[in-house]
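Input: a single structure, listed below in structure tokens.
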Amino acid sequence: MSLRPSQQPQAVALTIAGSDSGGNAGMQADLRVFHGFGVHGCTALTALTAQNPDGVSGVQPVTPAFLHRQLEAIFAVYEVHAIKTGMLLNAELIEVVAQVLQHHRNIPLVVDPVMIATSGARLLEEAAVAALQRQLLPLASLITPNLPEAAALLGQAVTGDEAVAEAARELAARFRCAVLLKGGHRHFTARASDYLGLGGGKILRLRTPVVRDPLSLHGTGCTLSAAITAALATGCSLTEAVVVGKEFVYQAIRAGRTLGTRATVLGMVQRKKPTHVQVEPIVCK
């Protein structure tokens, strides 16, 4: 039986990110997530990395001119419905991305401000932090920092539930976009909490059960931002997309797999109804 081409339009999401040679994080994780949402994934590569779950042993950036050429090629043909950025590495690459996306401000943009890998390897040069804040974050619909990244953006440590909620509120006000402040770097006993700042002082706390003894947590940040981007591409509102994304990551952690004798990876899952995410409003004092 021959297959007939479908005329049904398919949502398109673009990831502007680095490559993970181990396939756990970065562009590879983004494409895996897009597939789970039934979304076509376009890619603009910012850097090659030599890495595995043990750490990053090398980083090779693309040239700004080549990044610009990739983006031009995509926008010339594809109708992109949502965009995410991951590892951008340096100020020159950030400038290219910001210049291009200035012309596509009608498309939702999720910025994952990838700064430091879990292993400690620096994935954003210190000199590039100012460029990220000045040029790219003001274009974002949502930014998804973890606690160390939020501390770097605010210039102060973020500790304790009240401080995390206040940091989400402050970042949303400073960059005039929604902020999902991820709490995964803290120790939780029963519920894993993230804080969503929506502007105007509105804060939502999103909780899922803690997965005990997970096989892998490598790539959870990339997976979350990619899932939110894919949900936005399919027409979800921002808050809906964040809830769907948090459920997706929870399920991927639960479905973790072993690959050989040493490597582990988040599980490959499909988009599911968010039945494990508890959402509650928070009042900042």
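For the structure tokens, the naming scheme is as follows: chains receive sequential letters (A, B, ...) according to their order of presentation, residues are indexed from 1 within each chain, and ligands are indexed from 1 in presentation order.
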
Could you pull the residues within 10 Å of A:Ala178, counting only C-alpha atoms, minus those fewer than 6 positions along the same chain, as a compact mmCIF listing (two decimals) with C-alpha atoms, in the first residue's frame?
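File written: part-v9.txt
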```txt
# COMPACT_ATOMS: atom_id res chain seq x y z
CA VAL A 110 11.75 30.46 25.03
CA ALA A 140 11.82 36.40 25.17
CA SER A 141 8.30 35.25 25.90
CA LEU A 142 9.70 33.02 28.65
CA ILE A 143 13.10 32.40 30.22
CA THR A 144 13.86 29.20 32.13
CA ALA A 168 10.98 34.84 39.72
CA ARG A 169 8.98 38.03 40.29
CA LEU A 171 13.37 38.60 36.83
CA ALA A 172 9.93 38.85 35.19
CA LEU A 196 6.45 30.77 37.26
CA GLY A 197 6.57 34.58 37.30
CA LEU A 198 4.00 36.01 34.89
CA GLY A 199 4.53 39.74 35.40
CA LYS A 202 1.74 37.14 39.71
CA ILE A 203 3.58 33.97 40.75
CA LEU A 238 2.14 30.12 27.91
CA THR A 239 0.89 28.86 31.28
```

Residues within 12 Å of A:Val80, only C-alpha atoms, excluding chain neighbours under 3 positions, as a short mmCIF file (atom, residue, chain, number, x, y, z; two decimals) with N, CA and C atoms, in the first residue's frame:
```cif
data_model
loop_
_atom_site.label_atom_id
_atom_site.label_comp_id
_atom_site.auth_asym_id
_atom_site.auth_seq_id
_atom_site.Cartn_x
_atom_site.Cartn_y
_atom_site.Cartn_z
N PRO A 9 -1.49 20.49 7.98
CA PRO A 9 -0.33 21.29 8.41
C PRO A 9 0.27 20.76 9.70
N GLN A 10 1.59 20.83 9.79
CA GLN A 10 2.30 20.35 10.98
C GLN A 10 2.99 21.53 11.65
N ALA A 11 2.91 21.59 12.96
CA ALA A 11 3.58 22.66 13.70
C ALA A 11 5.08 22.52 13.56
N VAL A 12 5.77 23.67 13.55
CA VAL A 12 7.22 23.71 13.39
C VAL A 12 7.83 24.45 14.57
N ALA A 13 8.85 23.87 15.18
CA ALA A 13 9.60 24.52 16.25
C ALA A 13 11.07 24.59 15.85
N LEU A 14 11.73 25.66 16.24
CA LEU A 14 13.14 25.87 15.94
C LEU A 14 13.95 25.87 17.22
N THR A 15 15.00 25.08 17.26
CA THR A 15 15.95 25.13 18.36
C THR A 15 17.27 25.73 17.89
N VAL A 39 5.84 17.50 16.51
CA VAL A 39 6.23 18.79 15.95
C VAL A 39 7.48 18.61 15.08
N HIS A 40 7.50 19.27 13.92
CA HIS A 40 8.71 19.22 13.09
C HIS A 40 9.77 20.13 13.70
N GLY A 41 10.98 19.62 13.82
CA GLY A 41 12.07 20.39 14.43
C GLY A 41 13.06 20.92 13.42
N CYS A 42 13.25 22.24 13.41
CA CYS A 42 14.34 22.87 12.66
C CYS A 42 15.47 23.20 13.63
N THR A 43 16.70 23.24 13.13
CA THR A 43 17.85 23.45 14.01
C THR A 43 18.82 24.48 13.45
N LEU A 71 20.11 30.38 10.13
CA LEU A 71 18.84 31.02 10.48
C LEU A 71 18.14 31.58 9.24
N ILE A 74 16.43 28.77 7.33
CA ILE A 74 15.21 28.28 7.97
C ILE A 74 14.04 29.24 7.74
N PHE A 75 14.25 30.51 8.04
CA PHE A 75 13.14 31.45 7.95
C PHE A 75 12.74 31.75 6.51
N ALA A 76 13.61 31.45 5.56
CA ALA A 76 13.26 31.66 4.16
C ALA A 76 12.19 30.69 3.67
N VAL A 77 12.05 29.54 4.33
CA VAL A 77 11.17 28.49 3.83
C VAL A 77 10.13 28.04 4.85
N ILE A 83 10.10 29.13 19.04
CA ILE A 83 11.56 29.09 19.00
C ILE A 83 12.08 28.90 20.41
N LYS A 84 13.16 28.12 20.54
CA LYS A 84 13.89 28.09 21.81
C LYS A 84 15.37 28.27 21.55
N LEU A 101 16.20 37.45 15.35
CA LEU A 101 14.90 37.28 16.01
C LEU A 101 14.17 38.60 16.20
N HIS A 104 11.37 38.62 13.97
CA HIS A 104 10.37 37.56 14.13
C HIS A 104 9.77 37.61 15.54
N ARG A 105 9.46 38.80 15.99
CA ARG A 105 8.99 38.96 17.37
C ARG A 105 7.56 38.47 17.57
N ASN A 106 6.88 38.13 16.47
CA ASN A 106 5.54 37.55 16.59
C ASN A 106 5.58 36.08 16.97
N ILE A 107 6.76 35.47 16.93
CA ILE A 107 6.90 34.04 17.25
C ILE A 107 7.31 33.89 18.72
N PRO A 108 6.60 33.07 19.49
CA PRO A 108 6.99 32.87 20.89
C PRO A 108 8.43 32.38 21.00
N LEU A 109 9.18 32.97 21.93
CA LEU A 109 10.59 32.64 22.12
C LEU A 109 10.84 32.20 23.57
N THR A 229 8.39 24.78 24.40
CA THR A 229 8.41 25.32 23.04
C THR A 229 7.50 24.54 22.12
N ALA A 230 7.55 23.21 22.20
CA ALA A 230 6.70 22.38 21.36
C ALA A 230 5.22 22.61 21.68
N LEU A 232 3.90 25.35 22.90
CA LEU A 232 3.56 26.66 22.33
C LEU A 232 3.33 26.56 20.83
N ALA A 233 4.15 25.78 20.15
CA ALA A 233 4.03 25.62 18.70
C ALA A 233 2.70 24.98 18.32
N THR A 234 2.15 24.16 19.21
CA THR A 234 0.87 23.50 18.92
C THR A 234 -0.32 24.31 19.38
#
```

List as a tab-separated table every residue of stretch 202-223 of chain A that is in contact with stretch 29-35 of chain A, defined as an atom at most 12 Å from one of its atoms (using only C-alpha atoms), together with the nearest atom pair and the distance in Å rounded to one decimal, sorted by chain and then rising number.
```
residue	atom	partner	partner_atom	distance
A:His218	CA	A:Ala29	CA	9.9
A:Gly219	CA	A:Ala29	CA	6.9
A:Thr220	CA	A:Ala29	CA	8.9
A:Gly221	CA	A:Ala29	CA	9.8
A:Cys222	CA	A:Asp30	CA	6.6
A:Thr223	CA	A:Ala29	CA	6.1
```

Can you check which parts of stretch 76-100 of chain A lie within 7 Å of stretch 45-64 of chain A? Per residue, the shortest pair of atoms and distance in Å to one decimal, counting only C-alpha atoms, sorted by chain and number, as JSON lines.
```
{"residue": "A:Leu88", "atom": "CA", "partner": "A:Thr46", "partner_atom": "CA", "distance": 6.0}
{"residue": "A:Glu92", "atom": "CA", "partner": "A:Pro64", "partner_atom": "CA", "distance": 6.3}
{"residue": "A:Leu93", "atom": "CA", "partner": "A:Pro64", "partner_atom": "CA", "distance": 5.4}
{"residue": "A:Val96", "atom": "CA", "partner": "A:Pro64", "partner_atom": "CA", "distance": 6.4}
```

query = Near A:Val211, counting only C-alpha atoms, which residues have an atom at most 9 Å away, once you skip same-chain residues fewer than 2 positions from it, shown as a ChimeraX atom specification?
reply = /A:190-192,208-209,213-214,250,253-254

ask   = How would you write, as a PyMOL selection string, the set of residues in stretch 37-278 of chain A that DSSP gives as helix (DSSP H, G or I)?
value = chain A and resi 64-77+91-104+126-139+147-154+161-175+220-233+238-254

Residues of stretch 152-186 of chain A at most 12 Å from stretch 259-283 of chain A: nearest atom pair and distance in Å, only C-alpha atoms, as a Markdown table:
```
| residue | atom | partner | partner_atom | distance |
| --- | --- | --- | --- | --- |
| A:Asp161 | CA | A:Ile282 | CA | 10.3 |
| A:Glu162 | CA | A:Val283 | CA | 9.3 |
| A:Ala163 | CA | A:Val283 | CA | 11.9 |
| A:Val164 | CA | A:Ile282 | CA | 11.0 |
| A:Ala165 | CA | A:Ile282 | CA | 7.6 |
| A:Glu166 | CA | A:Val283 | CA | 9.2 |
| A:Ala168 | CA | A:Ile282 | CA | 11.0 |
| A:Arg169 | CA | A:Val283 | CA | 10.1 |
```

ask   = Which residue, A:Leu215, A:Ile94, A:Val210, A:Ala128, has the smallest gap to A:Glu247 when you use only C-alpha atoms?
value = A:Val210

key: All residues 6 Å or closer to A:Ala241, only C-alpha atoms, same chain fewer than 3 positions away omitted, as a ChimeraX atom specification   = /A:228,231-232,236-238,244-245
